[in-house]
$ cat run_21.cif   # mmCIF, C-alpha atoms
data_structure
loop_
_atom_site.label_atom_id
_atom_site.label_comp_id
_atom_site.auth_asym_id
_atom_site.auth_seq_id
_atom_site.Cartn_x
_atom_site.Cartn_y
_atom_site.Cartn_z
CA MET O 1 11.67 -10.24 40.72
CA LYS O 2 12.67 -6.65 39.99
CA ILE O 3 15.42 -6.12 37.39
CA ASN O 4 16.81 -2.61 36.95
CA ILE O 5 18.29 -3.12 33.48
CA LEU O 6 17.13 -5.84 31.08
CA ALA O 7 18.90 -6.53 27.79
CA VAL O 8 17.03 -8.39 25.05
CA ALA O 9 19.01 -10.03 22.27
CA ALA O 10 18.39 -12.24 19.26
CA HIS O 11 21.15 -14.76 20.05
CA PRO O 12 23.34 -15.82 22.95
CA ASP O 13 26.53 -13.67 22.69
CA ASP O 14 24.77 -10.64 21.12
CA VAL O 15 24.62 -8.80 24.44
CA GLU O 16 28.24 -9.65 25.17
CA LEU O 17 29.28 -8.20 21.83
CA SER O 18 27.30 -4.99 22.20
CA CYS O 19 26.45 -3.88 25.74
CA ALA O 20 27.94 -6.28 28.30
CA GLY O 21 30.23 -3.54 29.57
CA THR O 22 27.25 -1.34 30.38
CA LEU O 23 25.58 -4.18 32.29
CA LEU O 24 28.81 -4.74 34.23
CA VAL O 25 29.18 -1.06 35.10
CA HIS O 26 25.70 -0.94 36.61
CA GLN O 27 25.90 -4.36 38.26
CA LYS O 28 29.02 -3.25 40.12
CA ARG O 29 27.13 -0.17 41.34
CA GLY O 30 24.45 -2.32 42.90
CA PHE O 31 21.84 -2.42 40.15
CA THR O 32 20.26 -5.70 39.12
CA THR O 33 20.78 -6.79 35.52
CA GLY O 34 19.38 -9.50 33.29
CA ILE O 35 19.36 -10.85 29.75
CA ILE O 36 16.64 -12.44 27.66
CA ASP O 37 17.97 -14.26 24.60
CA LEU O 38 15.22 -14.75 22.04
CA THR O 39 16.77 -17.81 20.36
CA ARG O 40 19.34 -20.48 21.13
CA GLY O 41 21.40 -19.58 18.08
CA GLU O 42 20.68 -23.00 16.62
CA MET O 43 21.35 -21.88 13.05
CA GLY O 44 24.94 -21.01 13.92
CA THR O 45 27.71 -22.73 11.95
CA ARG O 46 29.86 -23.59 14.97
CA GLY O 47 28.99 -25.42 18.15
CA THR O 48 25.53 -26.71 19.10
CA PRO O 49 22.50 -25.12 20.79
CA GLU O 50 23.29 -27.13 23.92
CA ILE O 51 26.86 -25.86 24.03
CA ARG O 52 25.68 -22.32 23.36
CA MET O 53 23.40 -22.53 26.40
CA GLU O 54 26.34 -23.69 28.54
CA GLU O 55 28.46 -20.85 27.21
CA ALA O 56 25.67 -18.34 27.91
CA ALA O 57 25.47 -19.60 31.50
CA ALA O 58 29.23 -19.23 31.91
CA SER O 59 29.07 -15.68 30.58
CA ALA O 60 26.16 -14.86 32.89
CA LYS O 61 28.37 -15.69 35.89
CA ILE O 62 31.10 -13.38 34.62
CA LEU O 63 28.55 -10.59 34.14
CA GLY O 64 26.98 -11.14 37.57
CA LEU O 65 23.49 -11.33 36.09
CA THR O 66 20.49 -11.73 38.35
CA VAL O 67 18.67 -13.62 35.62
CA ARG O 68 19.24 -14.95 32.12
CA GLU O 69 16.45 -16.60 30.15
CA ASN O 70 15.97 -17.95 26.65
CA LEU O 71 12.57 -17.67 24.94
CA GLY O 72 13.38 -20.46 22.49
CA LEU O 73 12.17 -18.65 19.38
CA ALA O 74 13.27 -19.95 15.98
CA ASP O 75 16.73 -18.67 15.09
CA SER O 76 16.70 -16.87 11.71
CA PHE O 77 12.96 -17.47 11.31
CA PHE O 78 11.28 -15.84 14.31
CA GLU O 79 8.78 -13.13 13.45
CA ASN O 80 7.75 -9.88 15.05
CA ASN O 81 4.18 -11.09 15.51
CA LYS O 82 1.54 -11.07 18.22
CA GLU O 83 2.52 -14.44 19.65
CA ASN O 84 6.16 -13.50 20.15
CA GLN O 85 5.34 -9.98 21.31
CA LEU O 86 3.16 -11.40 24.08
CA LYS O 87 5.90 -13.81 25.15
CA LEU O 88 8.23 -10.88 25.64
CA VAL O 89 5.51 -8.71 27.23
CA GLN O 90 5.08 -11.44 29.85
CA LYS O 91 8.79 -11.26 30.71
CA ILE O 92 8.85 -7.46 30.80
CA ARG O 93 5.93 -7.44 33.21
CA GLU O 94 7.54 -10.18 35.28
CA TYR O 95 10.86 -8.39 35.72
CA GLN O 96 9.59 -4.78 35.58
CA PRO O 97 12.84 -3.28 34.24
CA ASP O 98 13.44 0.45 34.49
CA PHE O 99 15.58 0.31 31.37
CA VAL O 100 15.53 -2.09 28.44
CA ILE O 101 18.39 -2.43 25.98
CA GLY O 102 17.43 -3.92 22.63
CA THR O 103 19.60 -5.10 19.76
CA ALA O 104 20.83 -2.77 17.05
CA ILE O 105 18.17 -0.90 15.07
CA TYR O 106 19.99 -2.04 11.92
CA ASP O 107 22.79 -4.58 11.65
CA ARG O 108 24.53 -7.08 9.41
CA HIS O 109 22.43 -9.98 10.74
CA PRO O 110 18.74 -9.49 9.87
CA ASP O 111 17.70 -11.13 13.16
CA HIS O 112 19.13 -8.17 15.05
CA GLY O 113 16.96 -5.52 13.43
CA ARG O 114 13.90 -7.76 13.69
CA ALA O 115 14.62 -8.42 17.37
CA SER O 116 14.96 -4.68 17.88
CA GLN O 117 11.49 -4.10 16.43
CA LEU O 118 10.01 -6.94 18.47
CA THR O 119 11.50 -5.51 21.66
CA GLU O 120 10.26 -2.01 20.91
CA GLN O 121 6.69 -3.17 20.34
CA ALA O 122 6.72 -5.45 23.39
CA CYS O 123 7.90 -2.59 25.62
CA PHE O 124 4.98 -0.47 24.44
CA LEU O 125 2.40 -3.24 24.65
CA ALA O 126 3.55 -4.17 28.15
CA GLY O 127 2.23 -0.82 29.36
CA LEU O 128 -1.27 -1.27 27.94
CA LYS O 129 -3.92 -2.30 30.45
CA MET O 130 -6.03 -4.03 27.81
CA VAL O 131 -3.19 -6.34 26.74
CA GLU O 132 -3.67 -9.33 29.02
CA THR O 133 -0.94 -11.73 30.08
CA THR O 134 -0.56 -14.16 32.95
CA SER O 135 2.48 -14.97 35.05
CA THR O 136 4.09 -18.40 35.19
CA ASP O 137 1.93 -19.24 38.21
CA GLY O 138 -1.26 -18.26 36.36
CA GLU O 139 -1.92 -14.85 37.90
CA LYS O 140 -2.99 -11.90 35.78
CA GLN O 141 -0.09 -9.51 35.27
CA LYS O 142 -0.21 -5.77 35.80
CA PRO O 143 0.88 -3.37 33.03
CA TRP O 144 4.50 -2.22 33.10
CA ARG O 145 6.34 0.07 30.72
CA PRO O 146 10.10 0.66 31.07
CA LYS O 147 11.25 4.23 31.58
CA ARG O 148 13.54 4.07 28.56
CA LEU O 149 14.35 1.78 25.67
CA PHE O 150 17.84 2.01 24.21
CA PHE O 151 19.38 0.14 21.29
CA ALA O 152 22.88 -1.33 21.39
CA ILE O 153 25.29 -1.16 18.47
CA GLN O 154 26.95 -4.37 17.34
CA SER O 155 28.56 -5.20 13.99
CA THR O 156 27.46 -2.35 11.71
CA SER O 157 29.08 0.92 12.76
CA LEU O 158 26.07 3.12 13.47
CA GLU O 159 26.40 6.67 14.81
CA PRO O 160 25.72 6.52 18.58
CA ASP O 161 23.38 8.97 20.29
CA PHE O 162 25.25 8.53 23.56
CA PHE O 163 28.11 6.54 25.08
CA VAL O 164 28.70 4.66 28.34
CA ASP O 165 32.19 4.62 29.85
CA ILE O 166 33.21 0.97 30.33
CA SER O 167 36.93 1.54 30.96
CA ASP O 168 36.89 -0.13 34.39
CA VAL O 169 35.20 -3.32 33.15
CA MET O 170 36.66 -3.82 29.67
CA GLU O 171 38.68 -6.87 30.71
CA GLU O 172 35.63 -8.59 32.19
CA ARG O 173 33.58 -7.67 29.13
CA MET O 174 36.11 -9.46 26.92
CA GLU O 175 36.06 -12.46 29.26
CA SER O 176 32.29 -12.69 28.85
CA ILE O 177 32.72 -12.73 25.06
CA LYS O 178 35.41 -15.39 25.20
CA ALA O 179 33.12 -17.59 27.29
CA TYR O 180 31.63 -18.53 23.90
CA LYS O 181 34.60 -20.72 23.07
CA THR O 182 32.95 -22.36 20.06
CA GLN O 183 32.07 -19.06 18.40
CA PHE O 184 35.26 -17.03 18.44
CA TYR O 185 38.86 -17.51 17.38
CA ASP O 186 40.41 -20.78 18.47
CA PRO O 187 43.49 -21.89 16.51
CA SER O 188 42.88 -25.53 17.51
CA SER O 189 39.27 -25.60 16.29
CA LYS O 190 38.43 -27.86 13.34
CA GLU O 191 35.09 -26.17 12.69
CA PRO O 192 34.44 -23.94 9.64
CA GLN O 193 35.63 -20.37 9.84
CA THR O 194 32.91 -17.75 10.19
CA TYR O 195 32.59 -13.98 10.17
CA ILE O 196 33.07 -13.82 13.96
CA SER O 197 35.61 -16.64 14.39
CA ARG O 198 38.41 -14.78 12.65
CA PRO O 199 41.05 -13.37 15.03
CA GLU O 200 40.60 -9.86 13.67
CA PHE O 201 36.94 -9.86 14.75
CA LEU O 202 37.82 -9.55 18.45
CA ASP O 203 40.41 -6.93 17.49
CA MET O 204 37.55 -4.96 15.94
CA ILE O 205 35.50 -5.25 19.14
CA THR O 206 38.36 -3.78 21.16
CA ALA O 207 39.08 -1.12 18.56
CA ARG O 208 35.40 -0.10 18.46
CA ALA O 209 35.38 0.34 22.25
CA GLN O 210 38.60 2.36 22.04
CA GLU O 211 37.22 4.58 19.29
CA TYR O 212 33.99 5.21 21.21
CA GLY O 213 36.03 5.87 24.35
CA HIS O 214 38.22 8.34 22.52
CA ARG O 215 35.16 10.32 21.48
CA ILE O 216 34.22 10.96 25.13
CA GLN O 217 37.83 11.14 26.37
CA VAL O 218 37.90 7.83 28.23
CA LYS O 219 39.72 4.58 27.44
CA TYR O 220 36.78 2.38 26.42
CA ALA O 221 33.06 2.97 25.82
CA GLU O 222 29.94 1.39 24.33
CA GLY O 223 27.57 3.28 22.06
CA PHE O 224 23.79 3.34 22.01
CA ASN O 225 20.94 4.69 19.92
CA THR O 226 17.66 6.09 21.18
CA LYS O 227 14.49 7.13 19.38
CA HIS O 228 13.54 9.68 22.03
CA PRO O 229 15.33 12.78 23.37
CA LEU O 230 17.51 12.42 26.44
CA GLY O 231 17.72 14.83 29.35
CA VAL O 232 19.74 15.19 32.54
CA LYS O 233 18.86 16.86 35.84
CA GLU O 234 22.45 17.97 36.42
CA LEU O 235 25.25 18.73 33.98
CA TYR O 236 27.62 17.04 36.42
CA HIS O 237 26.12 13.70 35.50
CA LEU O 238 27.76 13.97 32.09
CA VAL O 239 31.15 12.39 31.46
#

$ encode --input "run_21.cif" --output "structure tokens"
Amino acid sequence: MKINILAVAAHPDDVELSCAGTLLVHQKRGFTTGIIDLTRGEMGTRGTPEIRMEEAAASAKILGLTVRENLGLADSFFENNKENQLKLVQKIREYQPDFVIGTAIYDRHPDHGRASQLTEQACFLAGLKMVETTSTDGEKQKPWRPKRLFFAIQSTSLEPDFFVDISDVMEERMESIKAYKTQFYDPSSKEPQTYISRPEFLDMITARAQEYGHRIQVKYAEGFNTKHPLGVKELYHLV
């Protein structure tokens, strides 16, 4: 199954909070999109892993994803090691994405930066002929390296290298976030308050998108980092 854009995140809801708008923009233009969540978010204070999986599925429908998978790594304790790299290499070779979006290079949650490093190494290893993996049906996989790897920006306000205009899909992006009903503000919830369950957290998400949009003279945008120079064939492709 060919996926044009594949986002890889540490926890269910990370993609929604960082680059769901970008996935929506491209999905509506006919590109296939997918998400691989590394963990089930089982160390989270609110909800349960089972509920989180249901919420992730609900969000996937809003985003129009072609595929969403969970690798089941240990939340808060997964390592950027050979075993986990090969698990992700197998998925990259299976879906053959043109573009991969990883989590933030640096962020408040240490899982995000570690997931970013794991994704970066897996993207490189996936292109090496001598790194052997097999598909789910037992066939040897061919090497595949994405054209580009970008890194989303989430909680920590990093300086973006480029922006994507998400003005036309901002409402749907927020719906995908709110699909995680246990995680975000709910005045009727009896669960402990967390960093992301405060009402001002979603205000920050909207304000961040507005600020990024303002910088490229659109209403809303998402920001990304890249470790490699970008180029365009035509200046008219720029916003």

$ atom_distance --input "run_21.cif" --atom1 "atom CA of Phe31 of chain O" --atom2 "atom CA of Glu139 of chain O"
26.9 Å

$ residues_around --input "run_21.cif" --residues "Tyr195 of chain O" --least-positions-apart "3" --cutoff "12 Å" --atoms "only C-alpha atoms" --output "list in words"
Gly44, Thr45, Arg46, Arg108, His109, Ser155, Gln183, Phe184, Tyr185, Pro192, Arg198, Pro199, Glu200, Phe201, Leu202 and Met204 of chain O

$ closest_residue --input "run_21.cif" --among "O:Leu149, O:Ala56, O:Leu128, O:Leu71" --to "Thr182 of chain O" --atoms "all atoms listed in the file"
O:Ala56

$ resolve_selection --input "run_21.cif" --expression "the PyMOL selection byres ((chain O and resi 88-99) around 8)" --output "PyMOL selection string"
chain O and resi 1-6+84-87+100-101+119+122-123+125-126+133-135+141-150

$ closest_residue --input "run_21.cif" --among "O:Pro187, O:Pro110, O:Gly138, O:Gly213" --to "Pro160 of chain O" --atoms "only C-alpha atoms"
O:Gly213

$ residues_around --input "run_21.cif" --residues "Phe77 of chain O" --least-positions-apart "3" --cutoff "10 Å" --atoms "all atoms listed in the file" --output "MDAnalysis selection string"
chainID O and resid 39 43 73:74 80 110:111

$ axis_aligned_box --input "run_21.cif" --around "segment 47-56 of chain O" --padding-each-side "4 Å" --output "AutoDock Vina command-line options"
--center_x 25.7 --center_y -22.7 --center_z 23.3 --size_x 14.5 --size_y 16.8 --size_z 18.4

$ resolve_selection --input "run_21.cif" --expression "the PyMOL selection byres ((chain O and resi 21) around 12)" --output "MDAnalysis selection string"
chainID O and resid 7 15:20 22:28 33 62:64 152 163:177 205:206 209 220:223

$ atom_distance --input "run_21.cif" --atom1 "atom CA of Asn70 of chain O" --atom2 "atom CA of Arg52 of chain O"
11.1 Å

$ resolve_selection --input "run_21.cif" --expression "the PyMOL selection byres ((chain O and resi 112) around 10)" --output "PyMOL selection string"
chain O and resi 9-11+14+76+102-111+113-118+153-155

$ atom_distance --input "run_21.cif" --atom1 "atom CA of Glu132 of chain O" --atom2 "atom CA of Glu83 of chain O"
12.3 Å

$ closest_residue --input "run_21.cif" --among "O:Leu38, O:Leu65, O:Leu230, O:Ala58" --to "Phe78 of chain O" --atoms "only C-alpha atoms"
O:Leu38

$ closest_residue --input "run_21.cif" --among "O:Thr48, O:Gln193, O:Thr32, O:Gln217" --to "Thr66 of chain O" --atoms "only C-alpha atoms"
O:Thr32

$ build_atoms --input "run_21.cif" --residues "segment 207-218 of chain O" --atoms "all heavy atoms" --output "PDB file, in the coordinates of the input"
ATOM      1  N   ALA O 207      38.848  -2.389  19.236  1.00  0.00           N
ATOM      2  CA  ALA O 207      39.080  -1.120  18.560  1.00  0.00           C
ATOM      3  C   ALA O 207      37.835  -0.239  18.573  1.00  0.00           C
ATOM      4  O   ALA O 207      37.926   0.987  18.742  1.00  0.00           O
ATOM      5  CB  ALA O 207      39.525  -1.363  17.109  1.00  0.00           C
ATOM      6  N   ARG O 208      36.653  -0.849  18.414  1.00  0.00           N
ATOM      7  CA  ARG O 208      35.400  -0.100  18.460  1.00  0.00           C
ATOM      8  C   ARG O 208      35.237   0.562  19.837  1.00  0.00           C
ATOM      9  O   ARG O 208      34.872   1.736  19.936  1.00  0.00           O
ATOM     10  CB  ARG O 208      34.230  -1.037  18.166  1.00  0.00           C
ATOM     11  CG  ARG O 208      32.829  -0.459  18.340  1.00  0.00           C
ATOM     12  CD  ARG O 208      32.400   0.432  17.191  1.00  0.00           C
ATOM     13  NE  ARG O 208      32.439  -0.199  15.908  1.00  0.00           N
ATOM     14  CZ  ARG O 208      31.539  -1.068  15.425  1.00  0.00           C
ATOM     15  NH1 ARG O 208      30.504  -1.418  16.161  1.00  0.00           N
ATOM     16  NH2 ARG O 208      31.651  -1.552  14.210  1.00  0.00           N
ATOM     17  N   ALA O 209      35.491  -0.204  20.894  1.00  0.00           N
ATOM     18  CA  ALA O 209      35.380   0.340  22.250  1.00  0.00           C
ATOM     19  C   ALA O 209      36.399   1.457  22.489  1.00  0.00           C
ATOM     20  O   ALA O 209      36.098   2.452  23.159  1.00  0.00           O
ATOM     21  CB  ALA O 209      35.567  -0.772  23.282  1.00  0.00           C
ATOM     22  N   GLN O 210      37.585   1.304  21.910  1.00  0.00           N
ATOM     23  CA  GLN O 210      38.600   2.360  22.040  1.00  0.00           C
ATOM     24  C   GLN O 210      38.175   3.618  21.292  1.00  0.00           C
ATOM     25  O   GLN O 210      38.338   4.736  21.791  1.00  0.00           O
ATOM     26  CB  GLN O 210      39.941   1.856  21.493  1.00  0.00           C
ATOM     27  CG  GLN O 210      40.629   0.837  22.375  1.00  0.00           C
ATOM     28  CD  GLN O 210      41.913   0.327  21.755  1.00  0.00           C
ATOM     29  OE1 GLN O 210      41.984   0.071  20.545  1.00  0.00           O
ATOM     30  NE2 GLN O 210      42.938   0.161  22.564  1.00  0.00           N
ATOM     31  N   GLU O 211      37.644   3.428  20.087  1.00  0.00           N
ATOM     32  CA  GLU O 211      37.220   4.580  19.290  1.00  0.00           C
ATOM     33  C   GLU O 211      36.066   5.335  19.971  1.00  0.00           C
ATOM     34  O   GLU O 211      36.068   6.557  20.049  1.00  0.00           O
ATOM     35  CB  GLU O 211      36.786   4.102  17.904  1.00  0.00           C
ATOM     36  CG  GLU O 211      36.589   5.230  16.892  1.00  0.00           C
ATOM     37  CD  GLU O 211      35.131   5.593  16.699  1.00  0.00           C
ATOM     38  OE1 GLU O 211      34.285   4.698  16.817  1.00  0.00           O
ATOM     39  OE2 GLU O 211      34.836   6.766  16.438  1.00  0.00           O
ATOM     40  N   TYR O 212      35.092   4.577  20.489  1.00  0.00           N
ATOM     41  CA  TYR O 212      33.990   5.210  21.210  1.00  0.00           C
ATOM     42  C   TYR O 212      34.502   5.899  22.469  1.00  0.00           C
ATOM     43  O   TYR O 212      34.045   6.987  22.824  1.00  0.00           O
ATOM     44  CB  TYR O 212      32.930   4.171  21.580  1.00  0.00           C
ATOM     45  CG  TYR O 212      32.047   3.734  20.424  1.00  0.00           C
ATOM     46  CD1 TYR O 212      31.165   2.658  20.582  1.00  0.00           C
ATOM     47  CD2 TYR O 212      32.070   4.386  19.198  1.00  0.00           C
ATOM     48  CE1 TYR O 212      30.339   2.251  19.538  1.00  0.00           C
ATOM     49  CE2 TYR O 212      31.251   3.984  18.161  1.00  0.00           C
ATOM     50  CZ  TYR O 212      30.381   2.912  18.330  1.00  0.00           C
ATOM     51  OH  TYR O 212      29.572   2.516  17.301  1.00  0.00           O
ATOM     52  N   GLY O 213      35.447   5.258  23.157  1.00  0.00           N
ATOM     53  CA  GLY O 213      36.030   5.870  24.350  1.00  0.00           C
ATOM     54  C   GLY O 213      36.749   7.162  24.023  1.00  0.00           C
ATOM     55  O   GLY O 213      36.626   8.161  24.748  1.00  0.00           O
ATOM     56  N   HIS O 214      37.487   7.143  22.930  1.00  0.00           N
ATOM     57  CA  HIS O 214      38.220   8.340  22.520  1.00  0.00           C
ATOM     58  C   HIS O 214      37.292   9.521  22.303  1.00  0.00           C
ATOM     59  O   HIS O 214      37.620  10.672  22.627  1.00  0.00           O
ATOM     60  CB  HIS O 214      39.006   8.039  21.236  1.00  0.00           C
ATOM     61  CG  HIS O 214      39.722   9.221  20.662  1.00  0.00           C
ATOM     62  ND1 HIS O 214      40.860   9.754  21.230  1.00  0.00           N
ATOM     63  CD2 HIS O 214      39.442   9.987  19.575  1.00  0.00           C
ATOM     64  CE1 HIS O 214      41.262  10.792  20.515  1.00  0.00           C
ATOM     65  NE2 HIS O 214      40.421  10.950  19.506  1.00  0.00           N
ATOM     66  N   ARG O 215      36.101   9.241  21.800  1.00  0.00           N
ATOM     67  CA  ARG O 215      35.160  10.320  21.480  1.00  0.00           C
ATOM     68  C   ARG O 215      34.602  10.998  22.728  1.00  0.00           C
ATOM     69  O   ARG O 215      34.105  12.124  22.645  1.00  0.00           O
ATOM     70  CB  ARG O 215      34.047   9.777  20.591  1.00  0.00           C
ATOM     71  CG  ARG O 215      34.575   9.390  19.206  1.00  0.00           C
ATOM     72  CD  ARG O 215      33.536   8.725  18.342  1.00  0.00           C
ATOM     73  NE  ARG O 215      32.436   9.620  18.005  1.00  0.00           N
ATOM     74  CZ  ARG O 215      31.453   9.307  17.163  1.00  0.00           C
ATOM     75  NH1 ARG O 215      31.446   8.107  16.600  1.00  0.00           N
ATOM     76  NH2 ARG O 215      30.479  10.160  16.901  1.00  0.00           N
ATOM     77  N   ILE O 216      34.661  10.310  23.880  1.00  0.00           N
ATOM     78  CA  ILE O 216      34.220  10.960  25.130  1.00  0.00           C
ATOM     79  C   ILE O 216      35.376  11.086  26.114  1.00  0.00           C
ATOM     80  O   ILE O 216      35.185  11.269  27.306  1.00  0.00           O
ATOM     81  CB  ILE O 216      33.034  10.210  25.778  1.00  0.00           C
ATOM     82  CG1 ILE O 216      33.392   8.755  26.093  1.00  0.00           C
ATOM     83  CG2 ILE O 216      31.802  10.271  24.870  1.00  0.00           C
ATOM     84  CD1 ILE O 216      32.339   8.052  26.951  1.00  0.00           C
ATOM     85  N   GLN O 217      36.600  10.926  25.599  1.00  0.00           N
ATOM     86  CA  GLN O 217      37.830  11.140  26.370  1.00  0.00           C
ATOM     87  C   GLN O 217      37.982  10.170  27.543  1.00  0.00           C
ATOM     88  O   GLN O 217      38.396  10.541  28.637  1.00  0.00           O
ATOM     89  CB  GLN O 217      37.894  12.591  26.861  1.00  0.00           C
ATOM     90  CG  GLN O 217      37.883  13.607  25.723  1.00  0.00           C
ATOM     91  CD  GLN O 217      37.920  15.033  26.215  1.00  0.00           C
ATOM     92  OE1 GLN O 217      38.834  15.413  26.938  1.00  0.00           O
ATOM     93  NE2 GLN O 217      36.938  15.831  25.824  1.00  0.00           N
ATOM     94  N   VAL O 218      37.617   8.906  27.289  1.00  0.00           N
ATOM     95  CA  VAL O 218      37.900   7.830  28.230  1.00  0.00           C
ATOM     96  C   VAL O 218      38.570   6.711  27.437  1.00  0.00           C
ATOM     97  O   VAL O 218      38.723   6.801  26.217  1.00  0.00           O
ATOM     98  CB  VAL O 218      36.615   7.306  28.924  1.00  0.00           C
ATOM     99  CG1 VAL O 218      35.932   8.436  29.689  1.00  0.00           C
ATOM    100  CG2 VAL O 218      35.660   6.664  27.918  1.00  0.00           C
TER     101      VAL O 218
END
